[in-house]
Each structure stands twice: as structure tokens, then as C-alpha cells.
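A.B. asks: After the C-alpha cells below, expect a handful of questions from me.
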Amino acid sequence: MGADPLDAGAGSILRQPKAVWATAGASVVAFMGIGLVDPILPSIAKGLNATPSQVSLLFTSYFLITAIAMLVTGFVSSRIGGRKTLLLGLAFVVVFAALAGTSGSVGQLVGYRAGWGLGNALFVSTALAVIVGAAAGGSAAAILLYESALGLGMACGPLVGALLGNASWRYPFFGTAFLMAVGFLCITAFLKEQPKPARKTSLLDPVKALGHGGLASAAISAFFYNYTFFTVLAFTPFVLNMTPYKSGAVFFAWGVLLAIFSVLVAPRMQERFGSLKVLGGSLVLLAADVVILGYGDHTTAVVCTVLSGAFIGVNNTVYTELALGVSDAPRPVASAGYNFVRWFAAAAAPYLAPKIEEWSDIHMPFVIAGATAVVGALVVLVRRRALRHEAEELQPQHTTEDGVSVFAN
């Protein structure tokens, strides 16, 4: 499906203005924040005398606020501009990440992560549009650079969390605050304000966009998939029960596969087999992987955790392309509506998986996660007609009315 993302050319990707590199660098740190706490979840539980289900609320509060904030980000950025929105989001992350490191209870830590989630939503939802607007070499090069930042951040988050968290679970939070403060200074220095959109976004525009059958189908399928994704990300560290270093290494390998399959493998598979077949097959394989993870021995669990990164990388790319290309809504509006739905599952899975274990056994959370991946595949199958417009007709060079390629994370 479409062109190879590398057709943008390595030269054009690397020859970018300082403003683009500043925004991309801050994006790496922003995405690091998602997996940063993975290897230190058991350490946080021990340090704050908390249960796994209580500590998993770090993800729940983060993504619940992120989901709700998706209705606000477009409203804010269309009024104050991309640069100010980025700086506002970074300021929130710096303050709340630093406060998280001072937490004296799990309740405080969960609350600070919620504030962190608001800042991350403001930053991440605006960063792509800013990179595309400031980049040299066209939108294809800018989008590949953004996707690379996403993959690098997801890969490095667990590694940084392990390296700093081995000394104290508080250090990764302070480290993130410091790196985001550097990003704040770089964007302040190098990024000029870009023109505001001609039309201001209302709070209800993302919800109205979900009235489109194709976008709603993509969002609902992604909701079930995200439940599987974040069961792996938030619950598996307790099952592996490894030191921060070892857990960080496992999730670093997981992140590397995620990045490779998202940026390099998924587009080639789409070109050969088509988006819907690739997505459906990848979801089924992910379902099998997580069930084997839940029932296998420790070595099998480690291998399946790492391997899940490949399926997750493919799914992330295809879902985003489907969501942003299937409707006529402007990219920021379609993205906000789609993310509003799917991030609720990211909030639910970290809380429900430990609870399901308490109610049943260690295997059942992974059985449920496997089932939700299959449901996601069934939604794609049943709603394939609604999704076919993007999957078969749109090309990568098509843009929405705001001038940003539909193929963007």
C-alpha cells in the first residue's frame, strides 16, 4: 500500500532545521514517558508499600487524562498556536514529572501522573503538525522522522527507566523532568511560531468526526487492540518479576522490534498484502502470542513479550493510517476523535489486568487480552467495507485540508 517510507531519502530526513530537531528530540523524551515506569513498577510497589493494581493506576490516570485531553488539544492549539501549545505541554510534564519523583504515597504518584498525561497530550498531539510545518524535504520525510522519534522513545523509555531506577525508583521521574526542561529550552530558542489554522477547532469537532462509519470502526477496533497492547506493557513486568536492569533490557528489545516493524516492515507488508489483511493477521498473531505468554514458563514469557513488539509495531502504523485516511475530517480532528476512543482502553487495561488476576489466576488477564485482540480483528473483518476507502484508494501523497499527510502517527 503506497510508497516505501524510505523513499523520502535519508538525506532529506537528516538535513532538517534546528526547530525540527528540537521538536523531534523532545518527542523522543515524550514517548519515553510511556514505557519509562515499566521496569520499575515492582520497585515502586515495594517502595510505596502498594499492590500491583494500585501501582498500575500510574498508567490508568495517565491515559485517562490523555484520552479526555484529546478533546481539548485541538481547541487549544488552534487558538494559541503550535509553539505555545508545545511549550505549555512541556511545562506540565516538567512540573508533574518532578513532583512524581517526590511522591510519598501511591495516591500522590497517580495524581502527578495524571497531570503528566495532560502535558503529554498537549505536546504529542501538536508535535507532528509542527514538525511537518517546519521540516525540509516534504511531509514524507517529516513523518518518517516523527515515527522514528516515536519508536526510539518507546524503545529507550524502559532502558532509561532501568538505568536510573536501579538506584532509586524516583530517579527516572527526575531524569524525565530534566530532559523535558532541556527540550523546553531548545524549542524556545529554535522554533518560531507557525501560522494558526484558518478555522478554529471546537471541543465537539472530534466527537462529531466519529459519526463517520469508517473512523468509528477504526477507533472501536483500536480500542480492543489497545487493551491487549497495554496489558502487555503494564501487567507483564509483574509477571516477569525481574530486576530493573533485566526488565529494562526485555522492554528495550520489545521497543526495538516495535520501531523496526512500525517504520520499516509494516509499509512493505501493506504494499504487498493490503492494510486490512495485514492488520487482521497481525491482531490474530498478537492474540496467540499473549496467550502463550500467559501460559508459558519464564523464558517463554520473555520471548513472547519481546516478540509482541513486532505485532504492536505493525498494528500501530496500520491503525493510524486507517484512522487518519478513512474520513474527510481534517487530520487533527480525526486524530483527536480516534485517540479519544482508543486511549480509554489504555487506561482500563493496567487497572483491570491485576484485578482479573486477583479474581481468578495469573493466566486469565492474558486470555482476556488475547480475546480483545481477536475482537479487534473481527471488527476489521465485519466493517471492512467502511474501512476499504482508505485501505484501497488513498495514496500517501494525499493530504487533508490542513496540508498534513494522512499517513501520520
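By convention here, the chains of the C-alpha cells are called A, B, ... in the order presented, each chain's residues are numbered starting at 1, and ligands are numbered starting at 1 in the order presented.
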Find the spatial neighbours of Ile260 (chain A), counting only C-alpha atoms, within a cut-off of 9 Å - ignore same-chain residues fewer than 5 positions away - and output them as a count of residues only.

C.D. replies: 7

A.B. asks: Hey, what's within 12 Å of Ala189 (chain A) if we count only C-alpha atoms and toss same-chain stuff fewer than 5 positions away? As a list in words, please?

C.D. replies: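 Here the answer would be Lys18, Ala19, Val20, Trp21, Ala22, Thr23, Arg83, Leu87, Val182, Gly183 and Phe184 of chain A.
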
A.B. asks: Measuring atom to atom with only C-alpha atoms, identify which of A:Tyr319, A:Phe92, A:Tyr338, A:Tyr225 is nearest to Leu276 (chain A).

C.D. replies: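 Using only C-alpha atoms, the shortest distance to Leu276 (chain A) belongs to A:Tyr319.
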
A.B. asks: Identify, on the basis of only C-alpha atoms, every residue whose closest approach to Arg170 (chain A) does not exceed 9 Å; exclude the query and any residue fewer than 6 positions from it along the same chain; express the result as an MDAnalysis selection string.

C.D. replies: chainID A and resid 44 100:103 164

A.B. asks: So the first atom is CA of Leu179 (chain A) and the second is CA of Leu48 (chain A); what is the distance between them in Å, to one decimal place?

C.D. replies: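 Interatomic distance, CA of Leu179 (chain A) to CA of Leu48 (chain A): 25.0 Å.
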
A.B. asks: Can you list, as a list in words, every protein, DNA or RNA residue that comes within 7 Å of region 291-296 of chain A when you count only C-alpha atoms, leaving out same-chain residues fewer than 4 positions away?

C.D. replies: Ala287, Thr300, Ala301, Cys304, Thr305, His363, Phe366, Val367 and Gly370 of chain A

A.B. asks: If you count only C-alpha atoms, which residues fall within 10 Å of Ala127 (chain A), apart from same-chain ones fewer than 6 positions away, as a list of chain:residue names?

C.D. replies: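 Residues meeting the cut-off are A:Val20, A:Thr23, A:Ala24, A:Ala26, A:Ser27, A:Gly82, A:Arg83, A:Thr85, A:Leu86, A:Ala121, A:Gly133, A:Tyr146.
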
A.B. asks: Give me, as a Markdown table, each residue of region 314-394 of chain A that comes within 12 Å of region 205-215 of chain A, together with its shortest interatomic pair and the distance in Å at one decimal, counting only C-alpha atoms, with rows ordered by chain and rising residue number.

C.D. replies:
| residue | atom | partner | partner_atom | distance |
| --- | --- | --- | --- | --- |
| A:Tyr319 | CA | A:Leu215 | CA | 10.3 |
| A:Thr320 | CA | A:Leu215 | CA | 10.4 |
| A:Glu321 | CA | A:Leu215 | CA | 10.7 |
| A:Leu322 | CA | A:Leu215 | CA | 7.8 |
| A:Ala323 | CA | A:Leu215 | CA | 5.5 |
| A:Leu324 | CA | A:Leu215 | CA | 7.9 |
| A:Gly325 | CA | A:Leu215 | CA | 8.5 |
| A:Val326 | CA | A:Gly214 | CA | 5.8 |
| A:Ser327 | CA | A:Leu215 | CA | 6.1 |
| A:Asp328 | CA | A:His212 | CA | 8.7 |
| A:Ala329 | CA | A:Ala209 | CA | 6.3 |
| A:Pro330 | CA | A:Ala209 | CA | 9.1 |
| A:Arg331 | CA | A:Pro206 | CA | 10.2 |
| A:Pro332 | CA | A:Pro206 | CA | 8.5 |
| A:Val333 | CA | A:Pro206 | CA | 5.0 |
| A:Ala334 | CA | A:Ala209 | CA | 6.2 |
| A:Ser335 | CA | A:Pro206 | CA | 7.9 |
| A:Ala336 | CA | A:Pro206 | CA | 5.6 |
| A:Gly337 | CA | A:Pro206 | CA | 4.2 |
| A:Tyr338 | CA | A:Leu215 | CA | 7.0 |
| A:Asn339 | CA | A:Pro206 | CA | 9.4 |
| A:Phe340 | CA | A:Pro206 | CA | 8.1 |
| A:Val341 | CA | A:Leu210 | CA | 9.3 |
| A:Arg342 | CA | A:Leu215 | CA | 11.7 |
| A:Val379 | CA | A:Gly214 | CA | 11.0 |
| A:Val380 | CA | A:Gly214 | CA | 10.0 |
| A:Val382 | CA | A:Gly214 | CA | 11.5 |
| A:Arg383 | CA | A:Gly214 | CA | 7.8 |
| A:Arg384 | CA | A:Gly214 | CA | 8.7 |
| A:Arg385 | CA | A:Gly214 | CA | 8.3 |
| A:Ala386 | CA | A:Gly214 | CA | 4.7 |
| A:Leu387 | CA | A:Gly214 | CA | 5.1 |
| A:Arg388 | CA | A:Gly214 | CA | 8.4 |
| A:His389 | CA | A:Gly214 | CA | 8.3 |
| A:Glu390 | CA | A:Gly214 | CA | 8.8 |
| A:Ala391 | CA | A:Gly214 | CA | 10.6 |

A.B. asks: Find, counting only C-alpha atoms, the residue in A:Trp343, A:Leu145, A:Ser275, A:Val302 that gets nearest to Asn241 (chain A).

C.D. replies: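 For Asn241 (chain A), the nearest of the given residues is A:Val302.
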
A.B. asks: Can you tell me how far CA of Lys277 (chain A) sits from CA of Phe229 (chain A), in Å to one decimal?

C.D. replies: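 Distance reported for this atom pair: 19.3 Å.
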
A.B. asks: Choose the residue, out of A:Ser43, A:Gln16, A:Thr228, A:Gln194, that has the smallest atom-to-atom separation from Ala129 (chain A); count only C-alpha atoms.

C.D. replies: A:Gln194

A.B. asks: To one decimal place in Å, what is the distance between CA of Tyr62 (chain A) and CA of Ala134 (chain A)?

C.D. replies: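 CA of Ala134 (chain A) lies at a distance of 29.1 Å from CA of Tyr62 (chain A).
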
A.B. asks: Skip Phe261 (chain A) itself and residues of its chain fewer than 6 positions away, then list as a PyMOL selection string all residues within 9 Å of it, counting only C-alpha atoms.

C.D. replies: chain A and resi 267+309-314+317

A.B. asks: With distances taken over only C-alpha atoms, which of A:Phe75, A:Phe31, A:Phe224, A:Trp169 is nearest to Leu283 (chain A)?

C.D. replies: A:Phe224

A.B. asks: Just asking: which residues within region 73-255 of chain A are helix (DSSP H, G or I) according to DSSP, as JSON, numbers by chain?

C.D. replies: {"A": [73, 74, 75, 76, 77, 78, 79, 80, 82, 83, 84, 85, 86, 87, 88, 89, 90, 91, 92, 93, 94, 95, 96, 97, 98, 99, 100, 101, 106, 107, 108, 109, 110, 111, 112, 113, 114, 115, 116, 117, 118, 119, 120, 121, 122, 123, 124, 125, 126, 127, 128, 129, 130, 131, 132, 133, 134, 138, 139, 140, 141, 142, 143, 144, 145, 146, 147, 148, 149, 150, 151, 152, 153, 154, 155, 156, 157, 158, 159, 160, 161, 162, 163, 164, 165, 171, 172, 173, 174, 175, 176, 177, 178, 179, 180, 181, 182, 183, 184, 185, 186, 187, 188, 189, 190, 205, 206, 207, 208, 209, 213, 214, 215, 216, 217, 218, 219, 220, 221, 222, 223, 224, 225, 226, 227, 228, 229, 230, 231, 232, 233, 234, 235, 236, 237, 238, 239, 240, 244, 245, 246, 247, 248, 249, 250, 251, 252, 253, 254, 255]}

A.B. asks: Could you turn the residues from that selection into a file that holds C-alpha atoms, as a CSV table (one decimal), in the first residue's frame?

C.D. replies:
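Everything below was put into part03.csv:
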chain,number,residue,atom,x,y,z
A,73,THR,CA,-5.7,19.8,22.4
A,74,GLY,CA,-7.1,21.0,19.0
A,75,PHE,CA,-9.2,23.6,20.7
A,76,VAL,CA,-6.1,25.0,22.4
A,77,SER,CA,-3.6,24.8,19.6
A,78,SER,CA,-6.0,26.4,17.1
A,79,ARG,CA,-6.2,29.4,19.3
A,80,ILE,CA,-2.8,29.9,20.8
A,82,GLY,CA,1.5,25.2,17.8
A,83,ARG,CA,4.6,26.6,19.5
A,84,LYS,CA,2.8,27.9,22.6
A,85,THR,CA,0.9,24.6,22.9
A,86,LEU,CA,4.1,22.6,22.7
A,87,LEU,CA,5.7,24.8,25.4
A,88,LEU,CA,2.6,24.5,27.6
A,89,GLY,CA,2.6,20.7,27.3
A,90,LEU,CA,6.3,20.6,28.1
A,91,ALA,CA,5.9,22.8,31.1
A,92,PHE,CA,3.2,20.5,32.5
A,93,VAL,CA,5.4,17.4,32.0
A,94,VAL,CA,8.5,19.1,33.7
A,95,VAL,CA,6.4,20.1,36.7
A,96,PHE,CA,4.5,16.9,37.2
A,97,ALA,CA,7.3,14.5,36.4
A,98,ALA,CA,9.5,16.3,39.0
A,99,LEU,CA,6.6,16.2,41.5
A,100,ALA,CA,6.2,12.5,40.8
A,101,GLY,CA,9.7,11.9,42.0
A,106,VAL,CA,1.0,5.9,45.6
A,107,GLY,CA,-2.0,8.2,45.6
A,108,GLN,CA,0.2,11.2,45.1
A,109,LEU,CA,2.2,9.5,42.4
A,110,VAL,CA,-1.0,8.5,40.5
A,111,GLY,CA,-2.2,12.1,40.7
A,112,TYR,CA,1.0,13.6,39.4
A,113,ARG,CA,1.0,11.1,36.5
A,114,ALA,CA,-2.4,12.4,35.6
A,115,GLY,CA,-1.0,16.0,35.3
A,116,TRP,CA,1.9,14.5,33.3
A,117,GLY,CA,-0.7,12.9,30.9
A,118,LEU,CA,-2.3,16.2,30.3
A,119,GLY,CA,1.0,17.8,29.4
A,120,ASN,CA,2.0,14.8,27.2
A,121,ALA,CA,-1.4,15.0,25.3
A,122,LEU,CA,-0.9,18.7,24.6
A,123,PHE,CA,2.7,18.1,23.3
A,124,VAL,CA,2.3,14.9,21.4
A,125,SER,CA,-0.9,15.9,19.6
A,126,THR,CA,0.8,19.1,18.3
A,127,ALA,CA,4.3,17.9,17.6
A,128,LEU,CA,3.6,16.1,14.3
A,129,ALA,CA,1.9,19.1,12.8
A,130,VAL,CA,4.8,21.4,13.9
A,131,ILE,CA,7.4,19.0,12.5
A,132,VAL,CA,5.6,18.8,9.2
A,133,GLY,CA,5.2,22.5,9.0
A,134,ALA,CA,8.9,23.3,9.8
A,138,GLY,CA,8.4,17.4,2.3
A,139,SER,CA,5.9,15.8,4.6
A,140,ALA,CA,7.1,12.2,3.9
A,141,ALA,CA,10.5,12.9,5.4
A,142,ALA,CA,8.9,14.7,8.4
A,143,ILE,CA,6.5,11.9,9.1
A,144,LEU,CA,9.3,9.3,8.9
A,145,LEU,CA,11.3,11.4,11.3
A,146,TYR,CA,8.4,11.6,13.7
A,147,GLU,CA,7.7,7.9,13.5
A,148,SER,CA,11.4,7.3,14.2
A,149,ALA,CA,11.2,9.5,17.3
A,150,LEU,CA,8.2,7.5,18.4
A,151,GLY,CA,10.0,4.2,18.0
A,152,LEU,CA,13.2,5.5,19.6
A,153,GLY,CA,11.3,6.9,22.6
A,154,MET,CA,9.3,3.7,23.1
A,155,ALA,CA,12.5,1.6,22.9
A,156,CYS,CA,14.6,3.9,25.2
A,157,GLY,CA,11.9,4.5,27.8
A,158,PRO,CA,12.3,1.2,29.6
A,159,LEU,CA,16.1,1.3,29.3
A,160,VAL,CA,16.4,4.7,30.8
A,161,GLY,CA,13.9,3.7,33.5
A,162,ALA,CA,16.0,0.7,34.3
A,163,LEU,CA,19.3,2.5,34.4
A,164,LEU,CA,18.1,5.3,36.6
A,165,GLY,CA,15.6,3.2,38.5
A,171,TYR,CA,15.3,9.0,39.6
A,172,PRO,CA,13.6,8.2,36.3
A,173,PHE,CA,11.0,10.9,37.1
A,174,PHE,CA,13.6,13.5,37.9
A,175,GLY,CA,15.5,12.5,34.8
A,176,THR,CA,12.4,12.9,32.6
A,177,ALA,CA,11.8,16.3,34.1
A,178,PHE,CA,15.4,17.4,33.3
A,179,LEU,CA,15.3,16.2,29.7
A,180,MET,CA,11.9,17.8,29.1
A,181,ALA,CA,13.3,21.1,30.5
A,182,VAL,CA,16.1,20.9,28.0
A,183,GLY,CA,13.5,20.3,25.3
A,184,PHE,CA,11.6,23.3,26.5
A,185,LEU,CA,14.7,25.5,26.2
A,186,CYS,CA,15.5,24.1,22.7
A,187,ILE,CA,12.0,24.7,21.4
A,188,THR,CA,12.0,28.2,22.9
A,189,ALA,CA,15.3,29.0,21.2
A,190,PHE,CA,14.9,27.4,17.8
A,205,ASP,CA,-15.4,18.5,16.5
A,206,PRO,CA,-13.6,15.2,17.4
A,207,VAL,CA,-16.8,13.7,18.7
A,208,LYS,CA,-18.7,14.8,15.6
A,209,ALA,CA,-16.0,13.2,13.4
A,213,GLY,CA,-18.6,5.0,9.9
A,214,GLY,CA,-15.1,4.3,8.8
A,215,LEU,CA,-13.4,6.4,11.5
A,216,ALA,CA,-15.7,5.0,14.2
A,217,SER,CA,-14.9,1.4,13.1
A,218,ALA,CA,-11.1,2.1,13.2
A,219,ALA,CA,-11.5,3.7,16.6
A,220,ILE,CA,-13.6,0.8,18.1
A,221,SER,CA,-11.2,-1.9,16.7
A,222,ALA,CA,-8.2,0.1,18.1
A,223,PHE,CA,-9.9,0.3,21.4
A,224,PHE,CA,-9.9,-3.5,21.8
A,225,TYR,CA,-6.4,-3.7,20.4
A,226,ASN,CA,-5.1,-1.1,22.9
A,227,TYR,CA,-6.5,-3.2,25.7
A,228,THR,CA,-4.2,-6.0,24.6
A,229,PHE,CA,-1.3,-3.7,24.0
A,230,PHE,CA,-1.4,-2.2,27.5
A,231,THR,CA,-2.0,-5.5,29.2
A,232,VAL,CA,1.4,-6.4,27.8
A,233,LEU,CA,3.0,-3.1,28.7
A,234,ALA,CA,1.6,-2.6,32.2
A,235,PHE,CA,1.0,-6.1,33.6
A,236,THR,CA,3.8,-8.2,32.1
A,237,PRO,CA,6.5,-6.6,34.4
A,238,PHE,CA,4.8,-8.1,37.4
A,239,VAL,CA,4.7,-11.5,35.8
A,240,LEU,CA,8.3,-11.4,34.7
A,244,PRO,CA,15.0,-3.3,36.8
A,245,TYR,CA,18.1,-3.9,34.6
A,246,LYS,CA,16.7,-7.2,33.2
A,247,SER,CA,13.2,-5.9,32.8
A,248,GLY,CA,14.5,-2.8,31.1
A,249,ALA,CA,16.5,-5.0,28.7
A,250,VAL,CA,13.5,-7.0,27.8
A,251,PHE,CA,11.3,-4.0,27.1
A,252,PHE,CA,14.2,-2.3,25.2
A,253,ALA,CA,14.3,-5.3,22.9
A,254,TRP,CA,10.5,-5.1,22.7
A,255,GLY,CA,10.7,-1.4,21.7
